[in-house]
Structure formats: C-alpha cells, structure tokens
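Here is the structure we will look at, set down as structure tokens.
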Amino acid sequence: MIDVSVRIHDKYSVEFKSGFFLEKEKEENDYSVNTWIFLPYGLNINKETYPKSHFYRDVKTYVRLFAPIYNLDEIAEKDTLPFQFLQVACNEWLVNPTEENMAELEYQIKMYATIIKSALRRESERILALEDEEELNAGIDHYLAKTRVIMRNYRDLKQWMCKKPQCASSAVYFSFGDEFLSNRIEQKCYELIFAFEKKKVGLLDDTKAALLEMIEKERHYRCKSGFELIEKGEQEKNRNVLHRLRLIRKYIENPLFLDADRKEDGLLMRQLSLILGAAVAMIFATILVFSAQLRFANFTMPFFIALVLSYILKDRVKEIANYYFSTRLSKKYFDTKTEISLKKEKIGWIKESVEFVREESTPVEVIKIRDRSDILESDNRNTAEKIILYRKLLHLNSMAIEDAVPYDISGIRDIMRFNFSHFVMKMDNPTSEIHMINQSNEIEKTEVQFIYYINFIMQLKHNKTVEYKRFRLIMSRNGIEGVEADRLCVHPLEVPRTPNFVPISLLNSAIWCLFLNTIAY
C-alpha cells in the first residue's frame, strides 16, 4: 500500500509525504510512483530552460522509518515494550558502562521520545475528530491523565539514573528527551485549545483549565530544570530557543532517518554505450576510407575528399549512435540510484528519473484525470502545457528492516520538498486591476489575484493495483497560495504483454550493415 499526502511547507515549497507500507509475509517489496507535472506554457519551463540538474536542485528528499505505533494507554504501562527496552538499556549501562551500551541507551531514549511524540499526535487527531461535546471533554481528560503518567515514569527513571555517580554523561541524553517531550506536550495543548475554538465546539471550563494547567506545569518544570523558555518581547532569546528546539527535534528523531547513498544509475552501461557509439562511428569511417582506397589511388584529390568526409561523418554518426543508445538505456535505467541503509545494513534502494514528455506519450488515463476546461483545451492547441514526468521505483527488504530494528516497523516514509521559487520568475504581477460597477451604480477599480495552476497526477503502483491521485497547486508571483487534493479510483494493475516480434529500427539495421561490410572487407 502507498499513501501520499501534501502540505505547504513554506512560501515557495510544497512537501509531499509518501508512505510505503510493508507486507511482512513478503521478503521483497516493490513500489512504483510516476508523477506527471503539468506546467502552464507562460512559465517558460521547458527542456532548455529547466534541465534535469535544476529539477534535482529544487527537490530535497528524506527517507525515514515509520515511528513504532503505540497508543497512550500502552505507553503509560511500565511493562510495555518501549519502556522495558529503556530500562534494560539503563541497567546494562550501569553494569557495564561501555561505549556500545552508552550508544544503546542513547538510542532507546530517542526512540522512546519519538514513540511518545507520535502517540500524542495520533491521540490529538482522534480527539479533534470527535463531534459529541461530552466525548470530546472526556477524551481530553483521558489524554492529559495518560500524558502525566508517561512523563512521571520517564522523569522517575531519569532521576534514578542521575543519582548514580557514573551516569553524568547519560543524564545529558535524558535531559534532551525531557526537554523535547515537555515542549511537544505544551504545543499540543495549545493546538487543542485553538482547534476547538476554531470549530466553535464548547470546551468545559474544567477541561480548558486542565489544558492550561498542563501548559503552566510544563513551563514551570522546564524553568526549574534550567531549560530556556519562549517569552514575549525577548526576540533575541526566543530566536536562540527556537534554534535549540529545532536541533533537539532533529537529534531525537535521528534514529528514524535512513542513510542514503546516491549514485548515478547504470553508470557502467552508460560508459559501455559511449564506447559502442565510438566503435560504430569508427567502423563507419574505416569502411569509407577502405572503400576510397580500393577505388582511388593514394594522394589523389578524390581520396583526400573521402578522408575529410569520413572525419566529418564519423562525428555525426557517433552523436547519433550515442543518442540512440542513451535513449534505449533511459527506458531501462534511471538517473540516480540511492542505496538506503539502517545501522550500516542495506535495507533497499530508490531509483529516480525525470524528463520532459510529450502529451502524445502520456497515458490516456492521466490526460483524462488532468481534466482540462474547454477554453484551456482549445488554447492548449496553440500554447501547450509542458509535462514533466518524474519516476520513482522503491525496493524494500522487510527481513532486513526487521533484523535492524527491535520494534515492529510498518513501513517507511519518503519526504520530498519541492521548491518553486524559480517558477515565479516569468509570472505576471500577483494582482490585476479590474473595473466594475458597485452598488451605488458607480464605476470603481478592484484588485483581483492573478494565479497559475500547476497540476500533479500521481500513479501509485504496488502489487496488482494502481491508484491515481491528483494535486493542484495554486501559485502567484507572491508564492504558493494553496493546494488542493483529490483521491481517484483504484484499478487492477495490467501487466503489458511482451510482443513475440520486436521490429528492428532503421538505425539498428544500418549498424548491422556496417558490421557485415567490415567483415566482408
């Protein structure tokens, strides 16, 4: 199963999150994601102005594991797996304070904090989906009660470890997790209050007071523990606090991120194709020279002309042969291949490629999903949209992931941030003045936003099904104005039949003729 979501990351960037879920009964899992990006003609984005290197420059990707799934009730129990792993790591460090045991303790602190963060997010989303006010207030009370128990268990273990004389170094790691979780709890309480105020759902006074009390207690705890707080009017201090919190978040979530080693895909075959192209050109030039020698004497003008022509045509034949072979290879090989590993153990790979394609070579289903309006379809005959095809193949080894992580991992998440700042260069002004008649029957000017639509059609393939999703990005000269998402139908995956006879191209025939002529001579 593949799940894709999109959100606006900043003024010029959109973040696509693709979740690839493992089938544990299968050792090898393969996924395919093809994305067609339809660009308005007026942006002047084409093969010449926007080469592959520019696309990969504007795209930033991360690959990470899904956080192990536990609810707050499970984490609040001391006999649950994450807390047991943390306790075992503490005891092993106390018995044998080696670097290896210290690294394991640090890892378990990070994983425990990450699991709690994920559980808090899921529980808050569940509460926000409730409609009944009584259930809503009861859900928040339960949320706060379990959060208190979880943090008390963690802080009790932290204090117990800090009392040991040999645990000065481990206390730093516990403090990082403590500060991270305390800040997340505070922010989640704010989110719940603001979300229900926006929904205009009545929170009981006692429930809202409990949320505010939790916020105040966490702030008091952080102040007492020596952690810096965000305070109104302290701009320089707040800037430093925010920077520190971002660093701590990256530090805590680091175990989930996978190591990625990106290389050019099919590098050996591409070099061999260049060699073959040079060989074909040399064979052609040699045949031409030998033929001239058989017909004309040496050191004559016709022989001299034949030599010049062989040199000229050799370069052209080489370029044509290289283009032919590279086109054939691009259908089999991708631009890049990224080896992904966890704890230095390879768990899979990702292949990526991007190219501009013509509408004629775009699948009919994709064009139907694009669903152009009548005026746009008519205008498209003169100023056709440019289409970028971004392909991605993903291969995962579920057994390798299971061996590398002691937790039950349901899959991995591929996060891609696409920066569109270079797309606004050829856009018109963000607003345009339009004349209209107001209610007083007077003519007045009004400013109307001038926008561009960029459509993304994603084809998600896994096992025997294919699913389509459509996203529409709304942009202006000021940046991203919004994003819309549609989930479309799921179809069985049709595997194309391989024809029994594949016609040989004209250039392929020419190469064989040159080769046979060489043998004849």
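Letters A, B, ... mark the chains of the structure tokens in the order given; residue numbers begin at 1 per chain; ligand numbers begin at 1, in order shown.
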Sorted by chain and rising residue number, which residues of stretch 373-427 of chain A lie within 7 Å of stretch 35-40 of chain A, and what are their closest atom pairs and distances in Å to one decimal, counting only C-alpha atoms, as a tab-separated table?
```
residue	atom	partner	partner_atom	distance
A:Glu385	CA	A:Pro40	CA	5.1
A:Lys386	CA	A:Leu39	CA	5.1
A:Ile387	CA	A:Phe38	CA	4.8
A:Ile388	CA	A:Ile37	CA	5.0
A:Leu389	CA	A:Trp36	CA	4.6
A:Tyr390	CA	A:Thr35	CA	5.1
A:Arg391	CA	A:Thr35	CA	6.3
```
| 8 Å contact set for stretch 120-130 of chain A, only C-alpha atoms, chain neighbours under 4 positions out, as a PyMOL selection string | chain A and resi 71-72+116+135-136+139-140+143+185+188+192+195-196
Let's have the selection written as a CSV table (one decimal), in the first residue's frame, with C-alpha atoms.
```
chain,number,residue,atom,x,y,z
A,71,ASN,CA,-1.3,4.4,22.0
A,72,LEU,CA,-1.0,6.4,25.2
A,116,ILE,CA,5.5,9.3,22.7
A,135,GLU,CA,-16.9,12.6,24.4
A,136,LEU,CA,-14.6,15.4,23.4
A,139,GLY,CA,-11.2,12.4,25.6
A,140,ILE,CA,-9.1,15.4,26.6
A,143,TYR,CA,-5.3,12.4,27.1
A,185,ILE,CA,3.2,18.5,25.3
A,188,LYS,CA,-0.1,20.0,21.6
A,192,LEU,CA,-6.1,21.5,21.0
A,195,ALA,CA,-8.6,23.9,17.2
A,196,PHE,CA,-11.7,23.7,19.3
```
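Checking A:Leu394, A:Val354, A:Val424, A:Leu258 one by one against A:Lys47, counting only C-alpha atoms, you find the shortest gap at A:Val354.
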Looking only at the backbone, which of the residues in stretch 34-275 of chain A does DSSP tag as helix (DSSP H, G or I), as a short mmCIF file (atom, residue, chain, number, x, y, z; two decimals) with C-alpha atoms, in the first residue's frame?
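Dumped everything to out00.cif:
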```cif
data_model
loop_
_atom_site.label_atom_id
_atom_site.label_comp_id
_atom_site.auth_asym_id
_atom_site.auth_seq_id
_atom_site.Cartn_x
_atom_site.Cartn_y
_atom_site.Cartn_z
CA TYR A 41 3.03 27.49 -21.04
CA GLY A 42 3.55 31.03 -19.74
CA LEU A 43 6.03 29.92 -17.07
CA LYS A 52 17.45 17.76 -15.03
CA SER A 53 20.10 19.32 -12.82
CA HIS A 54 17.72 22.20 -12.00
CA PHE A 55 14.95 19.78 -11.04
CA TYR A 56 17.18 17.85 -8.63
CA ARG A 57 18.45 21.18 -7.29
CA ASP A 58 14.90 22.20 -6.37
CA LEU A 72 -1.04 6.44 25.19
CA ASP A 73 -2.65 3.69 27.27
CA GLU A 74 0.06 1.23 26.23
CA ILE A 75 2.96 3.63 26.79
CA ALA A 76 1.64 4.55 30.25
CA LEU A 81 7.98 -2.77 25.16
CA PRO A 82 9.42 0.80 24.71
CA PHE A 83 9.76 1.41 28.47
CA GLN A 84 11.13 -2.10 29.02
CA PHE A 85 13.79 -1.50 26.35
CA LEU A 86 14.72 1.78 28.04
CA GLN A 87 15.00 0.15 31.48
CA VAL A 88 17.13 -2.70 30.12
CA ALA A 89 19.45 -0.22 28.41
CA CYS A 90 19.84 1.68 31.71
CA ASN A 91 20.64 -1.48 33.67
CA GLU A 92 23.15 -2.73 31.10
CA TRP A 93 24.91 0.64 31.16
CA LEU A 94 25.11 0.56 34.97
CA VAL A 95 26.53 -2.98 34.99
CA GLU A 99 30.64 2.89 24.62
CA GLU A 100 28.40 0.29 22.99
CA ASN A 101 26.00 0.25 25.96
CA MET A 102 26.02 4.03 26.08
CA ALA A 103 25.10 4.17 22.37
CA GLU A 104 22.25 1.71 23.01
CA LEU A 105 20.95 3.81 25.92
CA GLU A 106 21.05 6.95 23.80
CA TYR A 107 19.19 5.11 21.01
CA GLN A 108 16.45 3.89 23.37
CA ILE A 109 15.95 7.39 24.84
CA LYS A 110 15.49 8.78 21.32
CA MET A 111 13.11 6.01 20.28
CA TYR A 112 11.04 6.33 23.47
CA ALA A 113 10.65 10.09 22.97
CA THR A 114 9.77 9.60 19.29
CA ILE A 115 7.15 6.97 20.11
CA ILE A 116 5.54 9.28 22.69
CA LYS A 117 5.52 12.18 20.21
CA SER A 118 3.80 10.01 17.59
CA ALA A 119 1.24 8.75 20.12
CA LEU A 120 0.44 12.31 21.25
CA ARG A 121 -0.15 13.37 17.65
CA ARG A 122 -2.47 10.42 16.86
CA GLU A 123 -4.45 10.85 20.07
CA SER A 124 -4.93 14.59 19.48
CA GLU A 125 -6.11 13.87 15.91
CA ARG A 126 -8.60 11.32 17.27
CA ILE A 127 -9.93 13.84 19.78
CA LEU A 128 -10.27 16.56 17.12
CA GLU A 133 -19.03 17.52 23.30
CA GLU A 134 -19.23 15.04 26.16
CA GLU A 135 -16.94 12.56 24.40
CA LEU A 136 -14.63 15.41 23.44
CA ASN A 137 -14.13 16.63 27.00
CA ALA A 138 -13.75 13.08 28.29
CA GLY A 139 -11.16 12.41 25.57
CA ILE A 140 -9.09 15.43 26.62
CA ASP A 141 -9.24 14.41 30.29
CA HIS A 142 -8.02 10.94 29.37
CA TYR A 143 -5.30 12.44 27.14
CA LEU A 144 -3.97 14.62 29.96
CA ALA A 145 -4.14 11.85 32.57
CA LYS A 146 -2.14 9.38 30.47
CA THR A 147 0.38 12.06 29.50
CA ARG A 148 1.04 12.82 33.17
CA VAL A 149 1.65 9.14 33.91
CA ILE A 150 4.01 8.74 30.93
CA MET A 151 6.09 11.77 31.87
CA ARG A 152 6.19 10.75 35.54
CA ASN A 153 7.55 7.32 34.59
CA TYR A 154 10.20 8.87 32.33
CA ARG A 155 11.27 11.50 34.85
CA ASP A 156 11.41 9.00 37.70
CA LEU A 157 13.78 6.86 35.65
CA LYS A 158 15.80 9.96 34.76
CA GLN A 159 16.18 10.96 38.42
CA TRP A 160 17.11 7.42 39.41
CA MET A 161 19.84 7.35 36.75
CA CYS A 162 21.13 10.83 37.63
CA PRO A 165 27.83 8.63 40.11
CA GLN A 166 28.84 7.03 36.78
CA CYS A 167 25.79 8.37 34.91
CA ALA A 168 26.77 12.01 34.36
CA SER A 169 27.02 11.52 30.58
CA SER A 170 23.70 9.66 30.28
CA ALA A 171 21.93 12.45 32.21
CA VAL A 172 22.55 14.77 29.23
CA TYR A 173 20.70 12.40 26.90
CA PHE A 174 17.79 12.06 29.32
CA SER A 175 17.60 15.88 29.54
CA PHE A 176 17.41 16.18 25.76
CA GLY A 177 14.46 13.76 25.69
CA ASP A 178 12.83 15.53 28.64
CA GLU A 179 13.07 18.98 27.06
CA PHE A 180 11.81 17.66 23.72
CA LEU A 181 8.76 15.94 25.23
CA SER A 182 7.89 18.83 27.55
CA ASN A 183 7.87 21.25 24.63
CA ARG A 184 5.77 18.87 22.48
CA ILE A 185 3.19 18.46 25.27
CA GLU A 186 2.90 22.22 25.68
CA GLN A 187 2.47 22.82 21.94
CA LYS A 188 -0.12 20.04 21.62
CA CYS A 189 -2.18 21.62 24.41
CA TYR A 190 -2.12 24.94 22.55
CA GLU A 191 -3.17 23.17 19.33
CA LEU A 192 -6.13 21.50 21.02
CA ILE A 193 -7.37 24.77 22.52
CA PHE A 194 -7.04 26.71 19.24
CA ALA A 195 -8.56 23.88 17.18
CA PHE A 196 -11.71 23.69 19.28
CA GLU A 197 -12.07 27.45 19.39
CA LYS A 198 -11.91 27.42 15.58
CA LYS A 199 -14.50 24.62 15.40
CA ASP A 205 -14.34 25.28 31.75
CA ASP A 206 -12.71 22.49 33.78
CA THR A 207 -11.30 20.86 30.62
CA LYS A 208 -9.83 24.09 29.26
CA ALA A 209 -8.45 24.88 32.74
CA ALA A 210 -6.82 21.43 32.79
CA LEU A 211 -5.12 22.13 29.45
CA LEU A 212 -3.86 25.50 30.65
CA GLU A 213 -2.70 23.90 33.89
CA MET A 214 -0.71 21.31 31.94
CA ILE A 215 0.92 24.12 29.93
CA GLU A 216 1.81 26.06 33.08
CA LYS A 217 3.23 22.98 34.84
CA GLU A 218 5.43 22.06 31.88
CA ARG A 219 6.75 25.62 31.60
CA HIS A 220 7.45 25.70 35.34
CA TYR A 221 9.20 22.33 35.12
CA ARG A 222 11.42 23.45 32.25
CA CYS A 223 12.29 26.68 34.06
CA LYS A 224 13.14 24.71 37.23
CA GLN A 235 13.31 38.48 20.45
CA GLU A 236 16.99 37.50 20.57
CA LYS A 237 16.43 34.95 23.32
CA ASN A 238 13.40 33.45 21.57
CA ARG A 239 15.40 33.12 18.35
CA ASN A 240 18.07 31.12 20.17
CA VAL A 241 15.47 28.98 21.97
CA LEU A 242 13.73 28.13 18.70
CA HIS A 243 17.06 27.23 17.11
CA ARG A 244 17.86 24.93 20.04
CA LEU A 245 14.44 23.24 19.90
CA ARG A 246 14.88 22.52 16.20
CA LEU A 247 18.28 20.96 16.86
CA ILE A 248 16.85 18.82 19.67
CA ARG A 249 13.99 17.66 17.44
CA LYS A 250 16.41 16.58 14.72
CA TYR A 251 18.60 14.87 17.31
CA ILE A 252 15.70 12.93 18.86
CA GLU A 253 14.19 11.84 15.53
CA ASN A 254 17.57 10.86 14.05
CA PRO A 255 17.15 7.05 14.60
CA LEU A 256 14.18 7.03 12.22
CA LEU A 267 26.94 4.11 -14.88
CA LEU A 268 28.81 1.11 -16.33
CA MET A 269 26.23 0.52 -19.06
CA ARG A 270 26.24 4.21 -19.97
CA GLN A 271 30.01 4.15 -20.38
CA LEU A 272 29.76 0.99 -22.46
CA SER A 273 27.15 2.67 -24.66
CA LEU A 274 29.55 5.56 -25.28
CA ILE A 275 32.28 3.08 -26.21
#
```
| field | Residues flagged strand (DSSP E or B) by DSSP in stretch 328-456 of chain A, as a PyMOL selection string | value | chain A and resi 336-342+345-357+386-397+411-419+431-437+443-449+452-456
